[in-house]
Amino acid sequence: MLKTRIIFVIISVVFSFQTLFAVNLDSLKNLIPTTTGEELVDLYNEIASNISGQNREKLNFAESAEELAATLRYNKGKADALKNIGSYHILNEDNDKALEYYFRAKQFYSSNDYENLSKINERIAVAYYENKDNNNAKLYYKKSIELLNKFPVNSFHASPNNNLGLLYWRMSYYDSALTYYNSALEVAHALNDSSYLGRLLNNIGVIYWQWTLYDKAIENYLKSLDIRYALKDSIGVGRLLNNIGLTYLQIDDNEKAMNYFNQALELSREIPSDELTGYSYYNMGAIYIRNNEYTKALEIYKSSRKHYKLDNIYSGDLLTSIQIGEIFNLLGKPDSAMVYLENGLRIGKETNNQKRISMALMEMGKSYSLVQNYNKAISAFDEALDISSRIGKDDLSTDIFYERAKLLEKLGEYKNSLQDYKSYYELKDSVKNIEVQRKIVEYQSKFETQQANIALKDKEFELERNRIFLISAFAAIVILVVLLIILYRINYLKNKTNKQLSDTNVTVRKQNEEINSQKARLEDAFIKLNNHKNELDINISTKDKLFSVLAHDIKNPLGVILNYSELLKQKDTLSESEIDEIIESIARSAQKLSELLNTILTWSKSQQGLININKEKIEIRSEIEFAAQPLKTWLDQKGIIFNNVDTPVSIYTDKFMFHTVIRNLIHNSIKYTKSGGKIYIEAFEDEFYSIINVSDTGEGISKEKLSRIFSGIKDEKNSQSTGLGLKICKDFIEKQNGIINVISEIGNGTTFSIKLPKN
């Protein structure tokens with residue numbers, strides 16, 4: 001299993017070379033505050049397309065581009081955004097989701113936009129490729145190629161040929177793969193496209209690696225490496241250094257392999273790149289596993305996982321978690337193994353990676369077996385086997401059958417154990433036959449290439465060979481006799497030593513069992529104590545937040561009541577109409593105070609999971625007017641212009657939550673908008689959402705505060721706001737499956753955008 005994972009890393013790196021390496025992302029992000037309209041959509045898309053790996057930031061920028069493009073009705077921008085979202089999903093191994101977004105993107109490109117149509121057809125082919133649907137992959141590659149002659153030649157013209165090469169490579173048609181790679185290479189040479197030349201030389205190196213022509217593989221890798229150095233493509237250099245190291249690992253030259261891995265690691269720290277650092281550590285771990293240095297391997301894989309997590313590389317976190325769990329099982333530490341395996345299982349389910357889910361479950365079965373929880377062990381093996389069988393991973397099913405057979409044998413279920421052993425050997429032979437067939441195709445191709453150089457030797461050579469054979473046979477007999485004598489002596493000494501060790505092991509095992517039992521009881525007590533502490537901390541925090549919210553939200557209406565009460569003491573100086581107006585204001589403020597107290601109670605119930613959501617269809621103009629009514633006096637006092645929605649729009653929402661959210665947002669806008677400013681509300685719909693924007697011309701919000709605006713944390717030490725108002729807004733919108741975002745810039749006002757599902 002460990003060898004399979006090493007080979008997979010080579011293949012995944014080869015495939016990832018299809019994506020152009022990122023430009024300076026910071027320089028692009030710095031342009032955001034000064035960019036607007038369709039240009040901002042294009043900027044978001046450019047940033048998303050240049051974020052590598054499974055980083056969720058890629059998805060965030062793409063979704064922002066799609067949302068803004070929909071608002072602007074900018075079709076090409078929307079198509080590019082959908083394409084970037086599809087690319088995020090394919091990098092996270094959710095190929096069906098990627099296909100959904102790619103086909104949606106294709107609908108928004110113009111019929112005469114041949115270049116983008118060619119590119120999206122290629123993306124669709126790649127998704128089918130990842131789903132192992134070779135027929136559809138070839139179909140869409142051909143559709144992409146058919147459009148190539150309809151727009152000027154550029155580096156993309158090489159891409160479909162390169163990817164067809166990858167497809168034929170996967171189908172073990174290595175000669176055909178090499179032909180398409182060379183076609184792509186011609187285009188790259190014609191355009192003097194160094195970047196693509198580097199990628200193609202890498203892929204050609206893989207063909208030779210597949211043919212076990214490791215010298216030729218390294219030769220092409222080194223050519224690609226020189227190009228990457230010339231381009232100052234540090235990420236590409238790092239990946240090639242790893243590829244070369246893995247090739248040396250295949251020929252058991254661990255020293256050279258480690259040298260290249262260390263070079264990649266040093267470079268990744270200089271860039272810096274957490275993804276490349278995690279990848280380099282991961283490959284180094286394979287050497288320590290090969291040398292049975294499990295403790296050192298464990299340390300290396302933990303470092304790999306740490307850096308993958310820093311860069312949000314979910315597939316890296318997934319793979320290293322399972323690897324670490326397996327090593328802990330080998331070290332006889334199933335409790336530690338289970339922590340990492342459960343994390344791997346969670347990520348596997350989140351990313352729908354069925355193979356990794358099966359692998360995690362198999363290792364969990366081993367962990368349960370080690371702690372003698374045999375029912376859970378059998379259940380884990382059963383589930384793992386069901387998944388591996390369903391997805392056609394015979395090599396994985398082979399391992400699971402073997403592990404389950406050993407456990408059943410231990411439990412005395414010999415009939416079921418025998419059946420699993422039988423399935424194990426049948427599948428093992430099947431996998432071996434598939435590998436043999438692949439090797440036959442491979443060696444047949446090599447044989448046909450070399451056949452012209454083979455000739456029979458003459459009779460003199462035949463006689464010489466026979467003479468050498470006789471001498472060799474005699475020498476072999478002598479060596480065999482000597483070896484038998486040595487082996488007999490070694491076996492005698494081994495049996496004697498094993499008897500002594502066996503007696504010692506019995507004593508040590510009993511002592512270890514008692515120590516482990518005491519350790520388990522202490523760890524269980526610690527976990528329970530820590531859980532109680534966490535619950536207490538949460539309760540205290542919730543109480544403090546509720547007191548803060550009460551002080552914040554009761555202040556304004558209570559202030560109105562107190563101020564007008566003071567005026568009433570001077571009623572002799574007031575007219576009857578003024579007294580009536582004051583009494584009416586006091587009544588409204590008292591009503592507002594009652595509503596605020598109910599809001600706090602409702603929010604408290606929400607945090608405890610006790611709230612019920614009652615959605616109904618409402619007309620938002622009148623409901624916004626109702627929500628804003630208690631704030632009218634404040635608006636008038638500051639001379640702020642308030643523009644409600646100018647068209648009738650209806651939405652499905654919980655009316656109480658809607659009032660609370662709108663009132664909070666308008667309240668914040670009044671607070672931070674200078675006298676004479678403007679607050680305006682817009683409403684519109686897209687395909688899936690009803691969208692409401694609350695905008696103002698206020699002082700704006702800094703980037704630092706934007707990052708934590710919905711966190712419930714105070715903006716600054718002397719702020720009168722608790723910071724929980726917007727936290728309540730976010731909670732109420734998300735409980736209705738909605739989204740709330742904010743866009744702001746210092747000096748240019750703020751816009752809060754609410755998106756609620758149309759149904």
# chains A, B, ... in the order shown; residues from 1 in each chain; ligands from 1
$ select_by_dssp --residues "region 327-361 of chain A" --states "alpha helix (DSSP H)" --output "list of chain:residue names"
A:Ile327, A:Phe328, A:Asn329, A:Leu330, A:Pro334, A:Asp335, A:Ser336, A:Ala337, A:Met338, A:Val339, A:Tyr340, A:Leu341, A:Glu342, A:Asn343, A:Gly344, A:Leu345, A:Arg346, A:Ile347, A:Gly348, A:Lys349, A:Glu350, A:Gln354, A:Lys355, A:Arg356, A:Ile357, A:Ser358, A:Met359, A:Ala360, A:Leu361
$ write_last_selection --atoms "C-alpha atoms" --output "short mmCIF file (atom, residue, chain, number, x, y, z; two decimals), in the first residue's frame"
data_model
loop_
_atom_site.label_atom_id
_atom_site.label_comp_id
_atom_site.auth_asym_id
_atom_site.auth_seq_id
_atom_site.Cartn_x
_atom_site.Cartn_y
_atom_site.Cartn_z
CA ILE A 327 2.14 4.25 11.31
CA PHE A 328 0.62 4.59 14.79
CA ASN A 329 -1.03 1.19 14.26
CA LEU A 330 2.35 -0.28 13.27
CA PRO A 334 -4.27 2.50 18.18
CA ASP A 335 -5.72 5.34 20.28
CA SER A 336 -3.35 7.85 18.65
CA ALA A 337 -4.01 6.27 15.27
CA MET A 338 -7.76 6.70 15.69
CA VAL A 339 -7.46 10.50 16.18
CA TYR A 340 -5.85 10.91 12.76
CA LEU A 341 -7.95 8.27 11.02
CA GLU A 342 -11.19 9.92 12.16
CA ASN A 343 -9.89 13.23 10.75
CA GLY A 344 -9.03 11.52 7.47
CA LEU A 345 -12.47 9.89 7.35
CA ARG A 346 -14.15 13.27 7.93
CA ILE A 347 -12.20 14.98 5.14
CA GLY A 348 -12.78 12.02 2.82
CA LYS A 349 -16.53 12.32 3.32
CA GLU A 350 -16.48 16.12 2.91
CA GLN A 354 -14.41 7.22 -1.77
CA LYS A 355 -11.00 5.55 -2.07
CA ARG A 356 -9.57 7.47 0.90
CA ILE A 357 -12.74 6.80 2.93
CA SER A 358 -12.23 3.08 2.34
CA MET A 359 -8.53 3.31 3.27
CA ALA A 360 -9.34 5.20 6.51
CA LEU A 361 -12.00 2.65 7.47
#
$ residues_around --residues "Val649 (chain A)" --least-positions-apart "4" --cutoff "8 Å" --atoms "only C-alpha atoms" --output "PyMOL selection string"
chain A and resi 619-621+683-684
$ residues_around --residues "region 409-418 of chain A" --least-positions-apart "2" --cutoff "12 Å" --atoms "only C-alpha atoms" --output "number ranges by chain"
A: 369-370, 372-375, 377-378, 401-407, 420-425
$ residues_around --residues "region 217-223 of chain A" --least-positions-apart "6" --cutoff "8 Å" --atoms "only C-alpha atoms" --output "JSON, numbers by chain"
{"A": [198, 201, 202, 204, 205, 206, 207, 208, 209, 240, 243, 244, 247]}
$ write_last_selection --atoms "all heavy atoms" --output "mmCIF file, in the first residue's frame"
data_model
loop_
_atom_site.group_PDB
_atom_site.id
_atom_site.type_symbol
_atom_site.label_atom_id
_atom_site.label_comp_id
_atom_site.auth_asym_id
_atom_site.auth_seq_id
_atom_site.Cartn_x
_atom_site.Cartn_y
_atom_site.Cartn_z
ATOM 1 N N GLY A 198 8.582 23.031 -20.710
ATOM 2 C CA GLY A 198 8.941 22.422 -19.430
ATOM 3 C C GLY A 198 7.944 21.373 -18.995
ATOM 4 O O GLY A 198 8.307 20.288 -18.539
ATOM 5 N N LEU A 201 8.182 18.187 -21.377
ATOM 6 C CA LEU A 201 9.360 17.376 -21.079
ATOM 7 C C LEU A 201 9.143 16.571 -19.798
ATOM 8 O O LEU A 201 9.588 15.427 -19.685
ATOM 9 C CB LEU A 201 10.592 18.281 -20.940
ATOM 10 C CG LEU A 201 11.125 18.872 -22.255
ATOM 11 C CD1 LEU A 201 12.124 19.975 -21.973
ATOM 12 C CD2 LEU A 201 11.754 17.779 -23.114
ATOM 13 N N ASN A 202 8.454 17.175 -18.838
ATOM 14 C CA ASN A 202 8.106 16.442 -17.620
ATOM 15 C C ASN A 202 7.225 15.239 -17.950
ATOM 16 O O ASN A 202 7.462 14.118 -17.495
ATOM 17 C CB ASN A 202 7.379 17.378 -16.654
ATOM 18 C CG ASN A 202 6.935 16.662 -15.397
ATOM 19 O OD1 ASN A 202 7.724 16.474 -14.483
ATOM 20 N ND2 ASN A 202 5.677 16.252 -15.343
ATOM 21 N N ILE A 204 6.872 13.674 -20.832
ATOM 22 C CA ILE A 204 7.638 12.686 -21.588
ATOM 23 C C ILE A 204 8.523 11.887 -20.634
ATOM 24 O O ILE A 204 8.693 10.669 -20.793
ATOM 25 C CB ILE A 204 8.475 13.388 -22.680
ATOM 26 C CG1 ILE A 204 7.534 13.948 -23.763
ATOM 27 C CG2 ILE A 204 9.479 12.428 -23.289
ATOM 28 C CD1 ILE A 204 8.217 14.848 -24.765
ATOM 29 N N GLY A 205 9.061 12.561 -19.618
ATOM 30 C CA GLY A 205 9.838 11.849 -18.604
ATOM 31 C C GLY A 205 9.022 10.764 -17.928
ATOM 32 O O GLY A 205 9.527 9.680 -17.613
ATOM 33 N N VAL A 206 7.736 11.039 -17.718
ATOM 34 C CA VAL A 206 6.867 10.037 -17.081
ATOM 35 C C VAL A 206 6.698 8.802 -17.965
ATOM 36 O O VAL A 206 6.632 7.676 -17.469
ATOM 37 C CB VAL A 206 5.489 10.660 -16.754
ATOM 38 C CG1 VAL A 206 4.535 9.595 -16.253
ATOM 39 C CG2 VAL A 206 5.647 11.744 -15.716
ATOM 40 N N ILE A 207 6.621 9.008 -19.299
ATOM 41 C CA ILE A 207 6.514 7.854 -20.203
ATOM 42 C C ILE A 207 7.722 6.946 -20.030
ATOM 43 O O ILE A 207 7.599 5.723 -19.890
ATOM 44 C CB ILE A 207 6.405 8.325 -21.674
ATOM 45 C CG1 ILE A 207 5.090 9.067 -21.904
ATOM 46 C CG2 ILE A 207 6.512 7.140 -22.631
ATOM 47 C CD1 ILE A 207 3.853 8.222 -21.760
ATOM 48 N N TYR A 208 8.907 7.547 -20.025
ATOM 49 C CA TYR A 208 10.114 6.736 -19.842
ATOM 50 C C TYR A 208 10.154 6.119 -18.450
ATOM 51 O O TYR A 208 10.633 4.994 -18.274
ATOM 52 C CB TYR A 208 11.359 7.588 -20.095
ATOM 53 C CG TYR A 208 11.552 7.923 -21.552
ATOM 54 C CD1 TYR A 208 11.498 9.249 -22.005
ATOM 55 C CD2 TYR A 208 11.764 6.919 -22.493
ATOM 56 C CE1 TYR A 208 11.663 9.554 -23.349
ATOM 57 C CE2 TYR A 208 11.919 7.219 -23.840
ATOM 58 C CZ TYR A 208 11.860 8.530 -24.258
ATOM 59 O OH TYR A 208 12.016 8.825 -25.587
ATOM 60 N N TRP A 209 9.651 6.858 -17.461
ATOM 61 C CA TRP A 209 9.547 6.290 -16.107
ATOM 62 C C TRP A 209 8.635 5.069 -16.115
ATOM 63 O O TRP A 209 8.927 4.060 -15.489
ATOM 64 C CB TRP A 209 9.008 7.379 -15.170
ATOM 65 C CG TRP A 209 8.877 6.952 -13.741
ATOM 66 C CD1 TRP A 209 9.824 7.035 -12.768
ATOM 67 C CD2 TRP A 209 7.721 6.379 -13.125
ATOM 68 N NE1 TRP A 209 9.336 6.556 -11.588
ATOM 69 C CE2 TRP A 209 8.046 6.137 -11.777
ATOM 70 C CE3 TRP A 209 6.452 6.030 -13.566
ATOM 71 C CZ2 TRP A 209 7.163 5.587 -10.877
ATOM 72 C CZ3 TRP A 209 5.554 5.479 -12.674
ATOM 73 C CH2 TRP A 209 5.903 5.264 -11.350
ATOM 74 N N LEU A 240 9.624 19.482 -9.725
ATOM 75 C CA LEU A 240 10.523 18.639 -10.514
ATOM 76 C C LEU A 240 11.597 18.008 -9.638
ATOM 77 O O LEU A 240 11.972 16.847 -9.839
ATOM 78 C CB LEU A 240 11.157 19.469 -11.626
ATOM 79 C CG LEU A 240 10.293 19.579 -12.884
ATOM 80 C CD1 LEU A 240 10.727 20.743 -13.740
ATOM 81 C CD2 LEU A 240 10.345 18.284 -13.680
ATOM 82 N N ASN A 243 9.997 15.087 -8.283
ATOM 83 C CA ASN A 243 9.844 14.027 -9.281
ATOM 84 C C ASN A 243 11.153 13.262 -9.487
ATOM 85 O O ASN A 243 11.169 12.033 -9.599
ATOM 86 C CB ASN A 243 9.381 14.618 -10.613
ATOM 87 C CG ASN A 243 7.875 14.722 -10.700
ATOM 88 O OD1 ASN A 243 7.184 14.485 -9.728
ATOM 89 N ND2 ASN A 243 7.370 15.077 -11.849
ATOM 90 N N ILE A 244 12.259 14.007 -9.564
ATOM 91 C CA ILE A 244 13.558 13.357 -9.734
ATOM 92 C C ILE A 244 13.878 12.504 -8.506
ATOM 93 O O ILE A 244 14.355 11.367 -8.621
ATOM 94 C CB ILE A 244 14.653 14.411 -9.982
ATOM 95 C CG1 ILE A 244 14.382 15.156 -11.296
ATOM 96 C CG2 ILE A 244 16.032 13.755 -10.019
ATOM 97 C CD1 ILE A 244 15.265 16.380 -11.511
ATOM 98 N N THR A 247 12.014 9.319 -8.627
ATOM 99 C CA THR A 247 12.572 8.385 -9.611
ATOM 100 C C THR A 247 13.765 7.643 -9.014
ATOM 101 O O THR A 247 13.904 6.420 -9.176
ATOM 102 C CB THR A 247 12.991 9.138 -10.882
ATOM 103 O OG1 THR A 247 11.874 9.897 -11.365
ATOM 104 C CG2 THR A 247 13.430 8.171 -11.967
#
$ residues_around --residues "Ile746 (chain A)" --least-positions-apart "6" --cutoff "10 Å" --atoms "only C-alpha atoms" --output "NGL selection string"
:A and (33 or 698-703)
